[in-house]
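Next comes query10.json, with JSON, N, CA and C atoms.
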```
[["chain", "number", "residue", "atom", "x", "y", "z"],
["A", 542, "MET", "N", -19.90, 34.83, -32.04],
["A", 542, "MET", "CA", -20.73, 35.70, -32.83],
["A", 542, "MET", "C", -20.19, 37.12, -32.75],
["A", 543, "ALA", "N", -20.08, 37.76, -33.88],
["A", 543, "ALA", "CA", -19.59, 39.13, -33.91],
["A", 543, "ALA", "C", -20.58, 40.07, -33.24],
["A", 544, "GLY", "N", -20.05, 41.01, -32.47],
["A", 544, "GLY", "CA", -20.89, 42.01, -31.84],
["A", 544, "GLY", "C", -21.50, 41.58, -30.52],
["A", 545, "ARG", "N", -21.34, 40.33, -30.14],
["A", 545, "ARG", "CA", -21.90, 39.86, -28.88],
["A", 545, "ARG", "C", -20.78, 39.64, -27.89],
["A", 546, "PRO", "N", -20.93, 40.16, -26.67],
["A", 546, "PRO", "CA", -19.89, 39.97, -25.66],
["A", 546, "PRO", "C", -19.82, 38.52, -25.21],
["A", 547, "SER", "N", -18.64, 38.09, -24.88],
["A", 547, "SER", "CA", -18.47, 36.72, -24.40],
["A", 547, "SER", "C", -18.70, 36.64, -22.90],
["A", 548, "PRO", "N", -19.03, 35.46, -22.39],
["A", 548, "PRO", "CA", -19.13, 35.31, -20.94],
["A", 548, "PRO", "C", -17.82, 35.68, -20.24],
["A", 549, "GLU", "N", -16.69, 35.46, -20.89],
["A", 549, "GLU", "CA", -15.40, 35.82, -20.31],
["A", 549, "GLU", "C", -15.30, 37.33, -20.12],
["A", 550, "ALA", "N", -15.84, 38.09, -21.06],
["A", 550, "ALA", "CA", -15.82, 39.55, -20.93],
["A", 550, "ALA", "C", -16.68, 39.99, -19.75],
["A", 551, "VAL", "N", -17.79, 39.31, -19.54],
["A", 551, "VAL", "CA", -18.65, 39.63, -18.41],
["A", 551, "VAL", "C", -17.93, 39.33, -17.10],
["A", 552, "THR", "N", -17.26, 38.21, -17.04],
["A", 552, "THR", "CA", -16.51, 37.85, -15.84],
["A", 552, "THR", "C", -15.46, 38.90, -15.53],
["A", 553, "PHE", "N", -14.84, 39.46, -16.55],
["A", 553, "PHE", "CA", -13.84, 40.51, -16.38],
["A", 553, "PHE", "C", -14.39, 41.69, -15.59],
["A", 554, "LEU", "N", -15.66, 42.00, -15.78],
["A", 554, "LEU", "CA", -16.27, 43.13, -15.08],
["A", 554, "LEU", "C", -16.16, 43.00, -13.57],
["A", 555, "LEU", "N", -16.10, 41.78, -13.10],
["A", 555, "LEU", "CA", -16.17, 41.56, -11.66],
["A", 555, "LEU", "C", -14.82, 41.23, -11.04],
["A", 556, "THR", "N", -13.73, 41.48, -11.75],
["A", 556, "THR", "CA", -12.43, 41.05, -11.26],
["A", 556, "THR", "C", -11.81, 41.96, -10.22],
["A", 557, "ASP", "N", -12.18, 43.23, -10.17],
["A", 557, "ASP", "CA", -11.50, 44.15, -9.26],
["A", 557, "ASP", "C", -12.49, 45.13, -8.65],
["A", 558, "ILE", "N", -13.44, 44.61, -7.88],
["A", 558, "ILE", "CA", -14.45, 45.50, -7.31],
["A", 558, "ILE", "C", -14.41, 45.54, -5.80],
["A", 559, "GLU", "N", -13.52, 44.78, -5.18],
["A", 559, "GLU", "CA", -13.42, 44.79, -3.73],
["A", 559, "GLU", "C", -13.08, 46.19, -3.24],
["A", 560, "GLY", "N", -13.73, 46.62, -2.17],
["A", 560, "GLY", "CA", -13.38, 47.89, -1.55],
["A", 560, "GLY", "C", -14.16, 49.08, -2.06],
["A", 561, "ASN", "N", -14.98, 48.93, -3.08],
["A", 561, "ASN", "CA", -15.80, 50.02, -3.58],
["A", 561, "ASN", "C", -17.20, 49.46, -3.82],
["A", 562, "ASP", "N", -18.02, 49.52, -2.78],
["A", 562, "ASP", "CA", -19.33, 48.87, -2.85],
["A", 562, "ASP", "C", -20.22, 49.46, -3.94],
["A", 563, "GLU", "N", -20.18, 50.77, -4.13],
["A", 563, "GLU", "CA", -21.05, 51.37, -5.15],
["A", 563, "GLU", "C", -20.63, 50.93, -6.54],
["A", 564, "ARG", "N", -19.34, 50.94, -6.79],
["A", 564, "ARG", "CA", -18.83, 50.49, -8.09],
["A", 564, "ARG", "C", -19.16, 49.01, -8.29],
["A", 565, "ALA", "N", -19.02, 48.23, -7.23],
["A", 565, "ALA", "CA", -19.33, 46.80, -7.32],
["A", 565, "ALA", "C", -20.80, 46.58, -7.68],
["A", 566, "ALA", "N", -21.70, 47.34, -7.07],
["A", 566, "ALA", "CA", -23.13, 47.19, -7.37],
["A", 566, "ALA", "C", -23.43, 47.54, -8.82],
["A", 567, "VAL", "N", -22.82, 48.60, -9.32],
["A", 567, "VAL", "CA", -23.01, 48.99, -10.73],
["A", 567, "VAL", "C", -22.50, 47.88, -11.65],
["A", 568, "LEU", "N", -21.30, 47.38, -11.38],
["A", 568, "LEU", "CA", -20.72, 46.36, -12.25],
["A", 568, "LEU", "C", -21.44, 45.02, -12.13],
["A", 569, "LEU", "N", -21.95, 44.72, -10.95],
["A", 569, "LEU", "CA", -22.74, 43.50, -10.80],
["A", 569, "LEU", "C", -24.02, 43.59, -11.63],
["A", 570, "GLY", "N", -24.66, 44.76, -11.60],
["A", 570, "GLY", "CA", -25.84, 44.97, -12.43],
["A", 570, "GLY", "C", -25.53, 44.86, -13.92],
["A", 571, "ALA", "N", -24.37, 45.40, -14.31],
["A", 571, "ALA", "CA", -23.96, 45.32, -15.72],
["A", 571, "ALA", "C", -23.70, 43.87, -16.13],
["A", 572, "ALA", "N", -23.03, 43.14, -15.27],
["A", 572, "ALA", "CA", -22.74, 41.73, -15.57],
["A", 572, "ALA", "C", -24.02, 40.91, -15.64],
["A", 573, "ASP", "N", -24.92, 41.12, -14.68],
["A", 573, "ASP", "CA", -26.19, 40.38, -14.68],
["A", 573, "ASP", "C", -26.97, 40.63, -15.97],
["A", 574, "ALA", "N", -27.05, 41.89, -16.36],
["A", 574, "ALA", "CA", -27.81, 42.24, -17.57],
["A", 574, "ALA", "C", -27.15, 41.67, -18.83],
["A", 575, "THR", "N", -25.84, 41.71, -18.87],
["A", 575, "THR", "CA", -25.13, 41.20, -20.04],
["A", 575, "THR", "C", -25.31, 39.69, -20.15],
["A", 576, "LEU", "N", -25.20, 38.98, -19.05],
["A", 576, "LEU", "CA", -25.43, 37.54, -19.08],
["A", 576, "LEU", "C", -26.85, 37.23, -19.52],
["A", 577, "ALA", "N", -27.81, 38.01, -19.04],
["A", 577, "ALA", "CA", -29.20, 37.79, -19.44],
["A", 577, "ALA", "C", -29.37, 38.03, -20.95],
["A", 578, "ARG", "N", -28.75, 39.09, -21.48],
["A", 578, "ARG", "CA", -28.85, 39.35, -22.92],
["A", 578, "ARG", "C", -28.22, 38.24, -23.73],
["A", 579, "LEU", "N", -27.16, 37.63, -23.18],
["A", 579, "LEU", "CA", -26.50, 36.52, -23.88],
["A", 579, "LEU", "C", -27.26, 35.22, -23.74],
["A", 580, "GLY", "N", -28.17, 35.17, -22.77],
["A", 580, "GLY", "CA", -28.87, 33.93, -22.50],
["A", 580, "GLY", "C", -27.97, 32.90, -21.83],
["A", 581, "VAL", "N", -27.00, 33.40, -21.08],
["A", 581, "VAL", "CA", -26.02, 32.53, -20.42],
["A", 581, "VAL", "C", -26.32, 32.50, -18.93],
["A", 582, "GLY", "N", -26.39, 31.31, -18.37],
["A", 582, "GLY", "CA", -26.57, 31.15, -16.94],
["A", 582, "GLY", "C", -25.24, 31.02, -16.23],
["A", 583, "ARG", "N", -25.28, 31.11, -14.93],
["A", 583, "ARG", "CA", -24.08, 30.93, -14.12],
["A", 583, "ARG", "C", -23.96, 29.47, -13.70],
["A", 584, "GLU", "N", -22.72, 29.03, -13.56],
["A", 584, "GLU", "CA", -22.45, 27.72, -12.97],
["A", 584, "GLU", "C", -22.80, 27.80, -11.48],
["A", 585, "HIS", "N", -22.99, 26.64, -10.85],
["A", 585, "HIS", "CA", -23.39, 26.61, -9.44],
["A", 585, "HIS", "C", -22.44, 27.43, -8.57],
["A", 586, "VAL", "N", -21.16, 27.23, -8.71],
["A", 586, "VAL", "CA", -20.20, 27.95, -7.88],
["A", 586, "VAL", "C", -20.31, 29.46, -8.10],
["A", 587, "ASP", "N", -20.58, 29.88, -9.33],
["A", 587, "ASP", "CA", -20.76, 31.30, -9.62],
["A", 587, "ASP", "C", -22.04, 31.84, -8.99],
["A", 588, "ARG", "N", -23.10, 31.03, -8.98],
["A", 588, "ARG", "CA", -24.35, 31.46, -8.34],
["A", 588, "ARG", "C", -24.16, 31.66, -6.85],
["A", 589, "VAL", "N", -23.39, 30.79, -6.23],
["A", 589, "VAL", "CA", -23.12, 30.91, -4.79],
["A", 589, "VAL", "C", -22.34, 32.19, -4.53],
["A", 590, "GLU", "N", -21.31, 32.44, -5.30],
["A", 590, "GLU", "CA", -20.51, 33.66, -5.12],
["A", 590, "GLU", "C", -21.34, 34.91, -5.42],
["A", 591, "HIS", "N", -22.19, 34.84, -6.44],
["A", 591, "HIS", "CA", -23.06, 35.97, -6.78],
["A", 591, "HIS", "C", -24.00, 36.28, -5.61],
["A", 592, "ALA", "N", -24.58, 35.25, -5.03],
["A", 592, "ALA", "CA", -25.49, 35.45, -3.89],
["A", 592, "ALA", "C", -24.74, 36.06, -2.70],
["A", 593, "ARG", "N", -23.53, 35.59, -2.45],
["A", 593, "ARG", "CA", -22.73, 36.12, -1.35],
["A", 593, "ARG", "C", -22.40, 37.59, -1.59],
["A", 594, "THR", "N", -21.97, 37.90, -2.80],
["A", 594, "THR", "CA", -21.61, 39.28, -3.14],
["A", 594, "THR", "C", -22.83, 40.18, -3.08],
["A", 595, "SER", "N", -23.94, 39.74, -3.62],
["A", 595, "SER", "CA", -25.18, 40.54, -3.59],
["A", 595, "SER", "C", -25.62, 40.82, -2.17],
["A", 596, "ALA", "N", -25.57, 39.81, -1.32],
["A", 596, "ALA", "CA", -25.98, 39.99, 0.07],
["A", 596, "ALA", "C", -25.07, 40.97, 0.79],
["A", 597, "ALA", "N", -23.78, 40.88, 0.54],
["A", 597, "ALA", "CA", -22.83, 41.80, 1.18],
["A", 597, "ALA", "C", -23.07, 43.23, 0.71],
["A", 598, "LEU", "N", -23.33, 43.41, -0.58],
["A", 598, "LEU", "CA", -23.59, 44.75, -1.10],
["A", 598, "LEU", "C", -24.89, 45.32, -0.54],
["A", 599, "ARG", "N", -25.92, 44.49, -0.45],
["A", 599, "ARG", "CA", -27.19, 44.95, 0.12],
["A", 599, "ARG", "C", -27.03, 45.34, 1.58],
["A", 600, "ALA", "N", -26.22, 44.59, 2.32],
["A", 600, "ALA", "CA", -25.97, 44.91, 3.72],
["A", 600, "ALA", "C", -25.21, 46.23, 3.85],
["A", 601, "ALA", "N", -24.26, 46.44, 2.96],
["A", 601, "ALA", "CA", -23.42, 47.64, 3.03],
["A", 601, "ALA", "C", -24.14, 48.89, 2.53],
["A", 602, "LEU", "N", -24.93, 48.74, 1.47],
["A", 602, "LEU", "CA", -25.54, 49.89, 0.80],
["A", 602, "LEU", "C", -27.01, 50.09, 1.12],
["A", 603, "GLY", "N", -27.67, 49.04, 1.58],
["A", 603, "GLY", "CA", -29.12, 49.07, 1.72],
["A", 603, "GLY", "C", -29.74, 48.56, 0.42],
["A", 604, "HIS", "N", -30.92, 47.96, 0.55],
["A", 604, "HIS", "CA", -31.56, 47.35, -0.62],
["A", 604, "HIS", "C", -31.86, 48.36, -1.73],
["A", 605, "ASP", "N", -32.44, 49.49, -1.36],
["A", 605, "ASP", "CA", -32.84, 50.46, -2.38],
["A", 605, "ASP", "C", -31.63, 51.03, -3.11],
["A", 606, "ARG", "N", -30.62, 51.40, -2.37],
["A", 606, "ARG", "CA", -29.40, 51.98, -2.99],
["A", 606, "ARG", "C", -28.73, 50.95, -3.89],
["A", 607, "CYS", "N", -28.64, 49.72, -3.42],
["A", 607, "CYS", "CA", -28.03, 48.66, -4.21],
["A", 607, "CYS", "C", -28.82, 48.45, -5.51],
["A", 608, "ASP", "N", -30.15, 48.42, -5.41],
["A", 608, "ASP", "CA", -30.98, 48.25, -6.60],
["A", 608, "ASP", "C", -30.82, 49.41, -7.58],
["A", 609, "THR", "N", -30.72, 50.64, -7.06],
["A", 609, "THR", "CA", -30.54, 51.81, -7.92],
["A", 609, "THR", "C", -29.22, 51.72, -8.68],
["A", 610, "LEU", "N", -28.17, 51.35, -7.98],
["A", 610, "LEU", "CA", -26.85, 51.26, -8.62],
["A", 610, "LEU", "C", -26.79, 50.09, -9.60],
["A", 611, "ALA", "N", -27.39, 48.96, -9.24],
["A", 611, "ALA", "CA", -27.41, 47.81, -10.15],
["A", 611, "ALA", "C", -28.20, 48.14, -11.42],
["A", 612, "ALA", "N", -29.30, 48.87, -11.28],
["A", 612, "ALA", "CA", -30.07, 49.27, -12.45],
["A", 612, "ALA", "C", -29.26, 50.20, -13.35],
["A", 613, "ARG", "N", -28.47, 51.06, -12.75],
["A", 613, "ARG", "CA", -27.59, 51.92, -13.55],
["A", 613, "ARG", "C", -26.61, 51.07, -14.36],
["A", 614, "GLY", "N", -26.05, 50.06, -13.73],
["A", 614, "GLY", "CA", -25.14, 49.16, -14.44],
["A", 614, "GLY", "C", -25.85, 48.37, -15.52],
["A", 615, "ALA", "N", -27.07, 47.92, -15.23],
["A", 615, "ALA", "CA", -27.83, 47.13, -16.21],
["A", 615, "ALA", "C", -28.14, 47.93, -17.46],
["A", 616, "ALA", "N", -28.23, 49.23, -17.33],
["A", 616, "ALA", "CA", -28.52, 50.09, -18.47],
["A", 616, "ALA", "C", -27.29, 50.37, -19.33],
["A", 617, "MET", "N", -26.11, 50.01, -18.85],
["A", 617, "MET", "CA", -24.87, 50.28, -19.59],
["A", 617, "MET", "C", -24.66, 49.25, -20.69],
["A", 618, "SER", "N", -23.97, 49.68, -21.72],
["A", 618, "SER", "CA", -23.50, 48.73, -22.72],
["A", 618, "SER", "C", -22.29, 48.01, -22.12],
["A", 619, "LEU", "N", -21.88, 46.91, -22.72],
["A", 619, "LEU", "CA", -20.70, 46.21, -22.24],
["A", 619, "LEU", "C", -19.48, 47.12, -22.33],
["A", 620, "THR", "N", -19.39, 47.89, -23.39],
["A", 620, "THR", "CA", -18.26, 48.81, -23.56],
["A", 620, "THR", "C", -18.21, 49.83, -22.43],
["A", 621, "GLU", "N", -19.37, 50.38, -22.06],
["A", 621, "GLU", "CA", -19.42, 51.33, -20.95],
["A", 621, "GLU", "C", -19.02, 50.67, -19.64],
["A", 622, "ALA", "N", -19.51, 49.47, -19.41],
["A", 622, "ALA", "CA", -19.21, 48.77, -18.17],
["A", 622, "ALA", "C", -17.72, 48.44, -18.07],
["A", 623, "VAL", "N", -17.13, 48.00, -19.15],
["A", 623, "VAL", "CA", -15.70, 47.71, -19.15],
["A", 623, "VAL", "C", -14.92, 48.99, -18.88],
["A", 624, "SER", "N", -15.36, 50.10, -19.45],
["A", 624, "SER", "CA", -14.71, 51.38, -19.19],
["A", 624, "SER", "C", -14.76, 51.74, -17.71],
["A", 625, "VAL", "N", -15.90, 51.53, -17.08],
["A", 625, "VAL", "CA", -16.03, 51.78, -15.64],
["A", 625, "VAL", "C", -15.11, 50.84, -14.87],
["A", 626, "ALA", "N", -15.07, 49.57, -15.27],
["A", 626, "ALA", "CA", -14.23, 48.60, -14.59],
["A", 626, "ALA", "C", -12.75, 48.98, -14.69],
["A", 627, "LEU", "N", -12.35, 49.46, -15.84],
["A", 627, "LEU", "CA", -10.95, 49.83, -16.05],
["A", 627, "LEU", "C", -10.57, 51.15, -15.39],
["A", 628, "SER", "N", -11.51, 52.09, -15.35],
["A", 628, "SER", "CA", -11.19, 53.43, -14.85],
["A", 628, "SER", "C", -11.15, 53.50, -13.34],
["A", 629, "GLY", "N", -11.94, 52.68, -12.69],
["A", 629, "GLY", "CA", -12.02, 52.75, -11.23],
["A", 629, "GLY", "C", -12.64, 54.04, -10.75],
["A", 630, "GLY", "N", -13.31, 54.76, -11.65],
["A", 630, "GLY", "CA", -13.88, 56.06, -11.33],
["A", 630, "GLY", "C", -15.12, 56.00, -10.47],
["A", 631, "ASP", "N", -15.60, 57.16, -10.11],
["A", 631, "ASP", "CA", -16.80, 57.29, -9.28],
["A", 631, "ASP", "C", -18.03, 56.92, -10.11],
["A", 632, "VAL", "N", -18.81, 56.00, -9.61],
["A", 632, "VAL", "CA", -20.00, 55.54, -10.34],
["A", 632, "VAL", "C", -21.27, 55.80, -9.55],
["A", 633, "ARG", "N", -21.18, 56.62, -8.53],
["A", 633, "ARG", "CA", -22.34, 56.84, -7.68],
["A", 633, "ARG", "C", -23.51, 57.41, -8.45],
["A", 634, "ALA", "N", -24.68, 56.85, -8.19],
["A", 634, "ALA", "CA", -25.92, 57.39, -8.71],
["A", 634, "ALA", "C", -26.50, 58.30, -7.63],
["A", 635, "PRO", "N", -27.12, 59.39, -8.01],
["A", 635, "PRO", "CA", -27.68, 60.28, -7.00],
["A", 635, "PRO", "C", -28.73, 59.58, -6.15],
["A", 636, "ASP", "N", -28.80, 59.96, -4.90],
["A", 636, "ASP", "CA", -29.88, 59.51, -4.04],
["A", 636, "ASP", "C", -30.42, 60.71, -3.27],
["A", 637, "ALA", "N", -31.37, 60.50, -2.43],
["A", 637, "ALA", "CA", -32.01, 61.61, -1.72],
["A", 637, "ALA", "C", -31.02, 62.41, -0.88],
["A", 638, "SER", "N", -30.04, 61.74, -0.28],
["A", 638, "SER", "CA", -29.08, 62.46, 0.54],
["A", 638, "SER", "C", -28.17, 63.33, -0.32],
["A", 639, "ASP", "N", -27.92, 62.93, -1.57],
["A", 639, "ASP", "CA", -27.12, 63.75, -2.48],
["A", 639, "ASP", "C", -27.87, 65.03, -2.83],
["A", 640, "ALA", "N", -29.18, 64.92, -3.04],
["A", 640, "ALA", "CA", -29.98, 66.07, -3.43],
["A", 640, "ALA", "C", -30.06, 67.10, -2.31],
["A", 641, "ALA", "N", -29.93, 66.65, -1.06],
["A", 641, "ALA", "CA", -30.03, 67.56, 0.08],
["A", 641, "ALA", "C", -28.75, 68.36, 0.30],
["A", 642, "ARG", "N", -27.67, 67.98, -0.36],
["A", 642, "ARG", "CA", -26.39, 68.69, -0.17],
["A", 642, "ARG", "C", -26.32, 69.97, -0.90]]
```
Structure rendered as structure tokens:
Amino acid sequence: MAGRPSPEAVTFLLTDIEGNDERAAVLLGAADATLARLGVGREHVDRVEHARTSAALRAALGHDRCDTLAARGAAMSLTEAVSVALSGGDVRAPDASDAAR
């Protein structure tokens, strides 16, 4: 269908996120939201990997921070998310410690 992202495009979002937990949380949120908009579920093996990745990000970032970053990704269009994935740029969302600086 024209104008609708493919599941393959969503998978692309998650190909290079190791080593940057904040970027990973944003892109995971973007991928989750895009799959939901497409009405596409994950295969069992993908659900297992998603759960592992989510748990690792929550452990590294904390639940609230991870949720904030994932929500930022969920609000992105697929084009924006792909741009973030390709740029490798800073995707940090402000938090209380940022405001205190």
- Message: What does the structure give for the distance between CA of Ala574 in chain A and atom C of Ala615 in chain A, in Å to one decimal?
- Response: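 Value for the CA of Ala574 in chain A-atom C of Ala615 in chain A distance: 5.7 Å.
Distance-wise, atom N of Arg599 in chain A and CA of Ser624 in chain A end up 22.9 Å apart.
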- Query: Taking (-24.1, 51.8, -15.9) in the file's coordinates, which residues come within 7 Å, counting only N, CA and C atoms, written as a count of residues only?
  - Reply: 12
